[in-house]
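Pasted below: coords21.pdb, PDB, C-alpha atoms and all ligand atoms.
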ATOM      1  CA  ALA A 265      10.887  21.008  -3.769  1.00  0.00           C
ATOM      2  CA  THR A 266       9.662  18.103  -5.854  1.00  0.00           C
ATOM      3  CA  ASN A 267       7.930  15.590  -3.666  1.00  0.00           C
ATOM      4  CA  ARG A 268       5.302  12.910  -3.639  1.00  0.00           C
ATOM      5  CA  THR A 269       1.710  12.256  -2.756  1.00  0.00           C
ATOM      6  CA  PHE A 270      -0.460   9.159  -2.842  1.00  0.00           C
ATOM      7  CA  THR A 271      -3.875   8.667  -4.425  1.00  0.00           C
ATOM      8  CA  MET A 272      -6.511   5.997  -4.883  1.00  0.00           C
ATOM      9  CA  ILE A 273      -9.210   6.015  -7.526  1.00  0.00           C
ATOM     10  CA  LYS A 274     -12.080   4.646  -5.463  1.00  0.00           C
ATOM     11  CA  PRO A 275     -14.457   1.777  -6.327  1.00  0.00           C
ATOM     12  CA  ASP A 276     -17.260   3.985  -7.721  1.00  0.00           C
ATOM     13  CA  ALA A 277     -15.016   5.778 -10.206  1.00  0.00           C
ATOM     14  CA  THR A 278     -13.173   2.594 -11.168  1.00  0.00           C
ATOM     15  CA  GLN A 279     -16.474   0.732 -11.708  1.00  0.00           C
ATOM     16  CA  GLU A 280     -17.804   3.521 -13.939  1.00  0.00           C
ATOM     17  CA  ASN A 281     -14.798   3.572 -16.269  1.00  0.00           C
ATOM     18  CA  HIS A 282     -13.336   6.871 -15.047  1.00  0.00           C
ATOM     19  CA  ILE A 283      -9.794   5.572 -14.500  1.00  0.00           C
ATOM     20  CA  GLY A 284      -8.520   7.077 -17.746  1.00  0.00           C
ATOM     21  CA  GLY A 285     -10.366  10.368 -17.279  1.00  0.00           C
ATOM     22  CA  ILE A 286      -9.008  10.810 -13.761  1.00  0.00           C
ATOM     23  CA  LEU A 287      -5.438   9.841 -14.697  1.00  0.00           C
ATOM     24  CA  SER A 288      -5.648  12.327 -17.586  1.00  0.00           C
ATOM     25  CA  MET A 289      -6.628  15.132 -15.200  1.00  0.00           C
ATOM     26  CA  ILE A 290      -3.774  14.105 -12.884  1.00  0.00           C
ATOM     27  CA  GLU A 291      -1.161  14.199 -15.666  1.00  0.00           C
ATOM     28  CA  ALA A 292      -2.603  17.399 -17.125  1.00  0.00           C
ATOM     29  CA  GLY A 293      -2.265  18.867 -13.621  1.00  0.00           C
ATOM     30  CA  GLY A 294       1.491  18.407 -13.810  1.00  0.00           C
ATOM     31  CA  PHE A 295       1.852  15.221 -11.771  1.00  0.00           C
ATOM     32  CA  ARG A 296       4.186  12.428 -12.846  1.00  0.00           C
ATOM     33  CA  ILE A 297       3.043   8.854 -12.154  1.00  0.00           C
ATOM     34  CA  VAL A 298       5.744   7.167 -10.040  1.00  0.00           C
ATOM     35  CA  ALA A 299       3.787   3.942  -9.379  1.00  0.00           C
ATOM     36  CA  LEU A 300       0.403   2.601 -10.503  1.00  0.00           C
ATOM     37  CA  LYS A 301      -1.731  -0.500  -9.923  1.00  0.00           C
ATOM     38  CA  LYS A 302      -5.325  -1.757  -9.916  1.00  0.00           C
ATOM     39  CA  THR A 303      -6.090  -3.947  -6.910  1.00  0.00           C
ATOM     40  CA  LEU A 304      -8.863  -5.098  -4.582  1.00  0.00           C
ATOM     41  CA  LEU A 305      -8.588  -4.286  -0.874  1.00  0.00           C
ATOM     42  CA  THR A 306      -9.922  -6.804   1.607  1.00  0.00           C
ATOM     43  CA  ALA A 307     -11.979  -5.252   4.419  1.00  0.00           C
ATOM     44  CA  GLU A 308      -9.031  -5.943   6.718  1.00  0.00           C
ATOM     45  CA  ARG A 309      -6.571  -4.078   4.463  1.00  0.00           C
ATOM     46  CA  ALA A 310      -9.022  -1.191   3.952  1.00  0.00           C
ATOM     47  CA  GLY A 311      -9.458  -0.953   7.716  1.00  0.00           C
ATOM     48  CA  GLU A 312      -5.705  -0.842   8.160  1.00  0.00           C
ATOM     49  CA  PHE A 313      -5.309   1.862   5.497  1.00  0.00           C
ATOM     50  CA  TYR A 314      -7.953   4.060   7.150  1.00  0.00           C
ATOM     51  CA  ALA A 315      -6.989   3.190  10.760  1.00  0.00           C
ATOM     52  CA  VAL A 316      -6.631   6.923  11.607  1.00  0.00           C
ATOM     53  CA  HIS A 317     -10.407   7.202  11.136  1.00  0.00           C
ATOM     54  CA  LYS A 318     -11.209   4.203  13.368  1.00  0.00           C
ATOM     55  CA  GLU A 319     -13.144   6.248  15.924  1.00  0.00           C
ATOM     56  CA  ARG A 320     -15.186   8.151  13.332  1.00  0.00           C
ATOM     57  CA  PRO A 321     -18.871   7.273  12.859  1.00  0.00           C
ATOM     58  CA  PHE A 322     -18.350   6.666   9.128  1.00  0.00           C
ATOM     59  CA  TYR A 323     -15.422   4.228   9.561  1.00  0.00           C
ATOM     60  CA  GLY A 324     -17.418   0.988   9.179  1.00  0.00           C
ATOM     61  CA  ASP A 325     -19.179   2.169   6.023  1.00  0.00           C
ATOM     62  CA  LEU A 326     -15.927   3.545   4.626  1.00  0.00           C
ATOM     63  CA  VAL A 327     -14.155   0.201   5.075  1.00  0.00           C
ATOM     64  CA  LYS A 328     -17.081  -1.678   3.514  1.00  0.00           C
ATOM     65  CA  TYR A 329     -17.194   0.717   0.574  1.00  0.00           C
ATOM     66  CA  MET A 330     -13.439   0.744  -0.043  1.00  0.00           C
ATOM     67  CA  SER A 331     -13.392  -3.062  -0.206  1.00  0.00           C
ATOM     68  CA  SER A 332     -16.538  -3.297  -2.386  1.00  0.00           C
ATOM     69  CA  GLY A 333     -14.652  -3.258  -5.691  1.00  0.00           C
ATOM     70  CA  PRO A 334     -11.216  -2.661  -7.196  1.00  0.00           C
ATOM     71  CA  ILE A 335      -9.332   0.566  -6.641  1.00  0.00           C
ATOM     72  CA  VAL A 336      -6.426   2.110  -8.528  1.00  0.00           C
ATOM     73  CA  ALA A 337      -3.503   3.124  -6.323  1.00  0.00           C
ATOM     74  CA  ALA A 338      -0.816   5.559  -7.466  1.00  0.00           C
ATOM     75  CA  ILE A 339       2.164   7.500  -6.191  1.00  0.00           C
ATOM     76  CA  LEU A 340       2.453  10.932  -7.805  1.00  0.00           C
ATOM     77  CA  GLU A 341       5.341  13.387  -8.011  1.00  0.00           C
ATOM     78  CA  LYS A 342       5.275  17.170  -8.419  1.00  0.00           C
ATOM     79  CA  ASP A 343       6.540  20.308  -6.712  1.00  0.00           C
ATOM     80  CA  ASN A 344       4.341  20.818  -3.633  1.00  0.00           C
ATOM     81  CA  ALA A 345       2.606  17.518  -4.401  1.00  0.00           C
ATOM     82  CA  VAL A 346       0.383  17.059  -1.324  1.00  0.00           C
ATOM     83  CA  ALA A 347      -1.153  20.531  -1.319  1.00  0.00           C
ATOM     84  CA  ASP A 348      -1.404  20.851  -5.106  1.00  0.00           C
ATOM     85  CA  PHE A 349      -3.089  17.456  -5.367  1.00  0.00           C
ATOM     86  CA  ARG A 350      -5.655  18.388  -2.730  1.00  0.00           C
ATOM     87  CA  THR A 351      -6.419  21.498  -4.771  1.00  0.00           C
ATOM     88  CA  LEU A 352      -6.806  19.386  -7.927  1.00  0.00           C
ATOM     89  CA  ILE A 353      -9.208  16.890  -6.297  1.00  0.00           C
ATOM     90  CA  GLY A 354     -11.373  19.479  -4.488  1.00  0.00           C
ATOM     91  CA  ALA A 355     -13.347  19.266  -1.240  1.00  0.00           C
ATOM     92  CA  THR A 356     -14.090  15.880   0.394  1.00  0.00           C
ATOM     93  CA  ASN A 357     -17.797  16.572  -0.011  1.00  0.00           C
ATOM     94  CA  PRO A 358     -18.405  16.935  -3.770  1.00  0.00           C
ATOM     95  CA  ALA A 359     -21.251  19.362  -3.038  1.00  0.00           C
ATOM     96  CA  GLN A 360     -18.515  21.766  -1.909  1.00  0.00           C
ATOM     97  CA  ALA A 361     -15.944  20.897  -4.587  1.00  0.00           C
ATOM     98  CA  GLU A 362     -14.875  23.697  -6.918  1.00  0.00           C
ATOM     99  CA  GLU A 363     -15.506  23.694 -10.663  1.00  0.00           C
ATOM    100  CA  GLY A 364     -12.651  22.037 -12.526  1.00  0.00           C
ATOM    101  CA  THR A 365     -11.740  19.631  -9.722  1.00  0.00           C
ATOM    102  CA  ILE A 366     -11.727  15.829 -10.026  1.00  0.00           C
ATOM    103  CA  ARG A 367     -14.397  15.414  -7.343  1.00  0.00           C
ATOM    104  CA  LYS A 368     -16.634  18.050  -8.940  1.00  0.00           C
ATOM    105  CA  LYS A 369     -16.527  16.040 -12.159  1.00  0.00           C
ATOM    106  CA  TYR A 370     -16.565  12.458 -10.869  1.00  0.00           C
ATOM    107  CA  ALA A 371     -17.600  12.206  -7.191  1.00  0.00           C
ATOM    108  CA  LYS A 372     -21.084  11.004  -6.281  1.00  0.00           C
ATOM    109  CA  SER A 373     -21.185  11.561  -2.503  1.00  0.00           C
ATOM    110  CA  ILE A 374     -18.957  12.304   0.504  1.00  0.00           C
ATOM    111  CA  GLU A 375     -18.231   8.576   0.746  1.00  0.00           C
ATOM    112  CA  ALA A 376     -18.100   7.678  -2.968  1.00  0.00           C
ATOM    113  CA  ASN A 377     -15.950  10.728  -3.670  1.00  0.00           C
ATOM    114  CA  ALA A 378     -13.941   9.294  -6.593  1.00  0.00           C
ATOM    115  CA  VAL A 379     -10.415   9.810  -5.235  1.00  0.00           C
ATOM    116  CA  HIS A 380      -8.296   9.838  -2.105  1.00  0.00           C
ATOM    117  CA  GLY A 381      -5.407  12.255  -1.600  1.00  0.00           C
ATOM    118  CA  SER A 382      -2.832  12.171   1.206  1.00  0.00           C
ATOM    119  CA  ASP A 383      -3.105  14.963   3.771  1.00  0.00           C
ATOM    120  CA  SER A 384       0.606  15.316   4.651  1.00  0.00           C
ATOM    121  CA  ASP A 385       4.077  14.405   3.368  1.00  0.00           C
ATOM    122  CA  GLU A 386       4.403  11.876   6.178  1.00  0.00           C
ATOM    123  CA  ASN A 387       1.109  10.158   5.333  1.00  0.00           C
ATOM    124  CA  ALA A 388       1.933  10.243   1.611  1.00  0.00           C
ATOM    125  CA  GLN A 389       5.027   8.172   2.311  1.00  0.00           C
ATOM    126  CA  ILE A 390       3.212   5.742   4.635  1.00  0.00           C
ATOM    127  CA  GLU A 391       0.314   5.309   2.202  1.00  0.00           C
ATOM    128  CA  GLY A 392       2.551   4.885  -0.858  1.00  0.00           C
ATOM    129  CA  ASN A 393       4.596   2.237   0.910  1.00  0.00           C
ATOM    130  CA  PHE A 394       1.366   0.471   1.957  1.00  0.00           C
ATOM    131  CA  PHE A 395       0.819  -0.419  -1.718  1.00  0.00           C
ATOM    132  CA  PHE A 396       4.211  -0.290  -3.422  1.00  0.00           C
ATOM    133  CA  GLY A 397       7.651  -1.707  -2.796  1.00  0.00           C
ATOM    134  CA  SER A 398      10.688   0.376  -3.745  1.00  0.00           C
ATOM    135  CA  GLU A 399      11.111  -1.812  -6.859  1.00  0.00           C
ATOM    136  CA  GLU A 400       7.712  -0.555  -8.110  1.00  0.00           C
ATOM    137  CA  GLN A 401       8.455   3.178  -7.749  1.00  0.00           C
ATOM    138  CA  PHE A 402      10.143   5.022 -10.621  1.00  0.00           C
TER
HETATM  139  P1  LIG A 501     -10.528  10.288   1.941  1.00  0.00           P
HETATM  140  O1  LIG A 501      -9.795  11.487   1.459  1.00  0.00           O
HETATM  141  O2  LIG A 501     -10.240   8.999   1.278  1.00  0.00           O
HETATM  142  O3  LIG A 501     -10.295  10.117   3.506  1.00  0.00           O
HETATM  143  C1  LIG A 501     -11.233   9.539   4.368  1.00  0.00           C
HETATM  144  C2  LIG A 501     -12.554   9.280   3.693  1.00  0.00           C
HETATM  145  O4  LIG A 501     -13.639   9.124   4.563  1.00  0.00           O
HETATM  146  C3  LIG A 501     -12.941  10.481   2.842  1.00  0.00           C
HETATM  147  O5  LIG A 501     -12.095  10.573   1.739  1.00  0.00           O
HETATM  148  C4  LIG A 501     -14.400  10.186   2.565  1.00  0.00           C
HETATM  149  O6  LIG A 501     -14.592   9.314   1.490  1.00  0.00           O
HETATM  150  C5  LIG A 501     -14.795   9.525   3.862  1.00  0.00           C
HETATM  151  N1  LIG A 501     -15.483  10.487   4.680  1.00  0.00           N
HETATM  152  C6  LIG A 501     -15.006  11.595   5.214  1.00  0.00           C
HETATM  153  N2  LIG A 501     -15.950  12.239   5.915  1.00  0.00           N
HETATM  154  C7  LIG A 501     -17.036  11.495   5.809  1.00  0.00           C
HETATM  155  C8  LIG A 501     -18.345  11.623   6.306  1.00  0.00           C
HETATM  156  N3  LIG A 501     -18.698  12.664   7.074  1.00  0.00           N
HETATM  157  N4  LIG A 501     -19.210  10.673   5.981  1.00  0.00           N
HETATM  158  C9  LIG A 501     -18.834   9.619   5.221  1.00  0.00           C
HETATM  159  N5  LIG A 501     -17.611   9.456   4.721  1.00  0.00           N
HETATM  160  C10 LIG A 501     -16.726  10.389   5.011  1.00  0.00           C
END

Give the structure from the file, written as structure tokens.
Ligand code: CMP
Amino acid sequence: ATNRTFTMIKPDATQENHIGGILSMIEAGGFRIVALKKTLLTAERAGEFYAVHKERPFYGDLVKYMSSGPIVAAILEKDNAVADFRTLIGATNPAQAEEGTIRKKYAKSIEANAVHGSDSDENAQIEGNFFFGSEEQF
């Protein structure tokens, strides 16, 4: 069934003018953009977004990094959106990302890995609603 996922273009990729390149790969991959915005997360908001990782050793750095510059948030729609988007972006660690994936092309490190992708339908909905009201989703 057609469903939704959520993505962020992270500060490294946004800073280096890869917004258009990444959105092009997303649309070419068959995803429809339901909602889109460029915004800056405060450390508090970034911490809230990544609260599931609170106990992980990389949490502090992740929050600092994700609030270090603007990000682009988007809700995407496609059949099998969550799984297909994770295939399109590639492995979290770009050293392990497959050829042709967004992270292979644009990610610099496991932290500055260009894009986020939701890991479940439930999280896709929570994460999308974290950034967008229903009046911003089409
Ligand atoms: P993301 O898909 O946004 O979800 C959590 C993020 O934490 C992940 O992408 C990485 O950017 C980051 N992350 C995951 N594992 C590590 C790690 N071992 N070291 C540093 N950052 C990590």

To one decimal place in Å, what is the distance between CA of Thr351 in chain A and atom C7 of ligand LIG 501 (chain A)?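 Result for CA of Thr351 in chain A versus atom C7 of ligand LIG 501 (chain A): 18.0 Å, one decimal.
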
Dump as a tab-separated table the rows for residues of chain A within 12 Å of ligand LIG 501 (chain A): closest atom pair and distance in Å with one decimal, all atoms listed in the file counted, ordered by chain and rising residue number.
residue	atom	partner	partner_atom	distance
A:Phe270	CA	A:LIG501	O1	10.5
A:Thr271	CA	A:LIG501	O2	8.6
A:Met272	CA	A:LIG501	O2	7.8
A:Ile273	CA	A:LIG501	O2	9.4
A:Lys274	CA	A:LIG501	O2	8.2
A:Pro275	CA	A:LIG501	O6	10.9
A:Asp276	CA	A:LIG501	O6	11.0
A:Ala310	CA	A:LIG501	O2	10.6
A:Gly311	CA	A:LIG501	C1	11.2
A:Phe313	CA	A:LIG501	O2	9.6
A:Tyr314	CA	A:LIG501	C1	7.0
A:Ala315	CA	A:LIG501	C1	10.0
A:Val316	CA	A:LIG501	C1	9.0
A:His317	CA	A:LIG501	C1	7.2
A:Lys318	CA	A:LIG501	O4	10.4
A:Glu319	CA	A:LIG501	O4	11.7
A:Arg320	CA	A:LIG501	C7	8.4
A:Pro321	CA	A:LIG501	N4	7.7
A:Phe322	CA	A:LIG501	C9	4.9
A:Tyr323	CA	A:LIG501	O4	7.2
A:Gly324	CA	A:LIG501	N5	9.6
A:Asp325	CA	A:LIG501	C9	7.5
A:Leu326	CA	A:LIG501	O4	6.0
A:Val327	CA	A:LIG501	O4	9.0
A:Lys328	CA	A:LIG501	N5	11.2
A:Tyr329	CA	A:LIG501	O6	9.0
A:Met330	CA	A:LIG501	O6	8.8
A:Ile335	CA	A:LIG501	O2	11.6
A:Ala337	CA	A:LIG501	O2	11.7
A:Val346	CA	A:LIG501	O1	11.9
A:Phe349	CA	A:LIG501	O1	11.3
A:Arg350	CA	A:LIG501	O1	9.1
A:Ile353	CA	A:LIG501	O1	9.5
A:Gly354	CA	A:LIG501	O1	10.1
A:Ala355	CA	A:LIG501	O1	9.0
A:Thr356	CA	A:LIG501	O5	5.8
A:Asn357	CA	A:LIG501	N2	7.6
A:Pro358	CA	A:LIG501	O6	10.0
A:Arg367	CA	A:LIG501	O5	10.5
A:Ala371	CA	A:LIG501	O6	9.6
A:Lys372	CA	A:LIG501	O6	10.3
A:Ser373	CA	A:LIG501	O6	8.0
A:Ile374	CA	A:LIG501	N5	5.3
A:Glu375	CA	A:LIG501	O6	3.8
A:Ala376	CA	A:LIG501	O6	5.9
A:Asn377	CA	A:LIG501	O6	5.5
A:Ala378	CA	A:LIG501	O6	8.1
A:Val379	CA	A:LIG501	O2	6.6
A:His380	CA	A:LIG501	O2	4.0
A:Gly381	CA	A:LIG501	O1	5.4
A:Ser382	CA	A:LIG501	O1	7.0
A:Asp383	CA	A:LIG501	O1	7.9
A:Ser384	CA	A:LIG501	O1	11.5
A:Asn387	CA	A:LIG501	O3	11.5
A:Ala388	CA	A:LIG501	O1	11.8
A:Glu391	CA	A:LIG501	O2	11.2

If you measure from CA of Phe402 in chain A to CA of Lys302 in chain A, what distance in Å do you get, rounded to one decimal?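 So the two atoms, CA of Phe402 in chain A and CA of Lys302 in chain A, lie 16.9 Å apart.
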
The PyMOL selection byres (((chain A and resi 342) around 12) and not hetatm) resolved against shown file, as a PyMOL selection string: chain A and resi 265-270+290-298+339-341+343-349

Would you work out the distance separating CA of Gly284 in chain A from CA of Glu312 in chain A, expressed in Å to one decimal?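 CA of Glu312 in chain A lies at a distance of 27.2 Å from CA of Gly284 in chain A.
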
List as a PyMOL selection string: which residues have an atom within 6 Å of (-0.7, 2.7, -5.3), counting only C-alpha atoms? chain A and resi 300-301+337-339+392+395

For C-alpha atoms, I'd like the residues from the last selection saved as an mmCIF file, in the coordinates of the input.
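Contents of result22.cif, as written:
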data_model
loop_
_atom_site.group_PDB
_atom_site.id
_atom_site.type_symbol
_atom_site.label_atom_id
_atom_site.label_comp_id
_atom_site.auth_asym_id
_atom_site.auth_seq_id
_atom_site.Cartn_x
_atom_site.Cartn_y
_atom_site.Cartn_z
ATOM 1 C CA LEU A 300 0.403 2.601 -10.503
ATOM 2 C CA LYS A 301 -1.731 -0.500 -9.923
ATOM 3 C CA ALA A 337 -3.503 3.124 -6.323
ATOM 4 C CA ALA A 338 -0.816 5.559 -7.466
ATOM 5 C CA ILE A 339 2.164 7.500 -6.191
ATOM 6 C CA GLY A 392 2.551 4.885 -0.858
ATOM 7 C CA PHE A 395 0.819 -0.419 -1.718
#

Looking at only C-alpha atoms, which of A:Gly397, A:Ala299, A:Leu305, A:Val336 is the one that sits closest to Thr278 in chain A? A:Val336
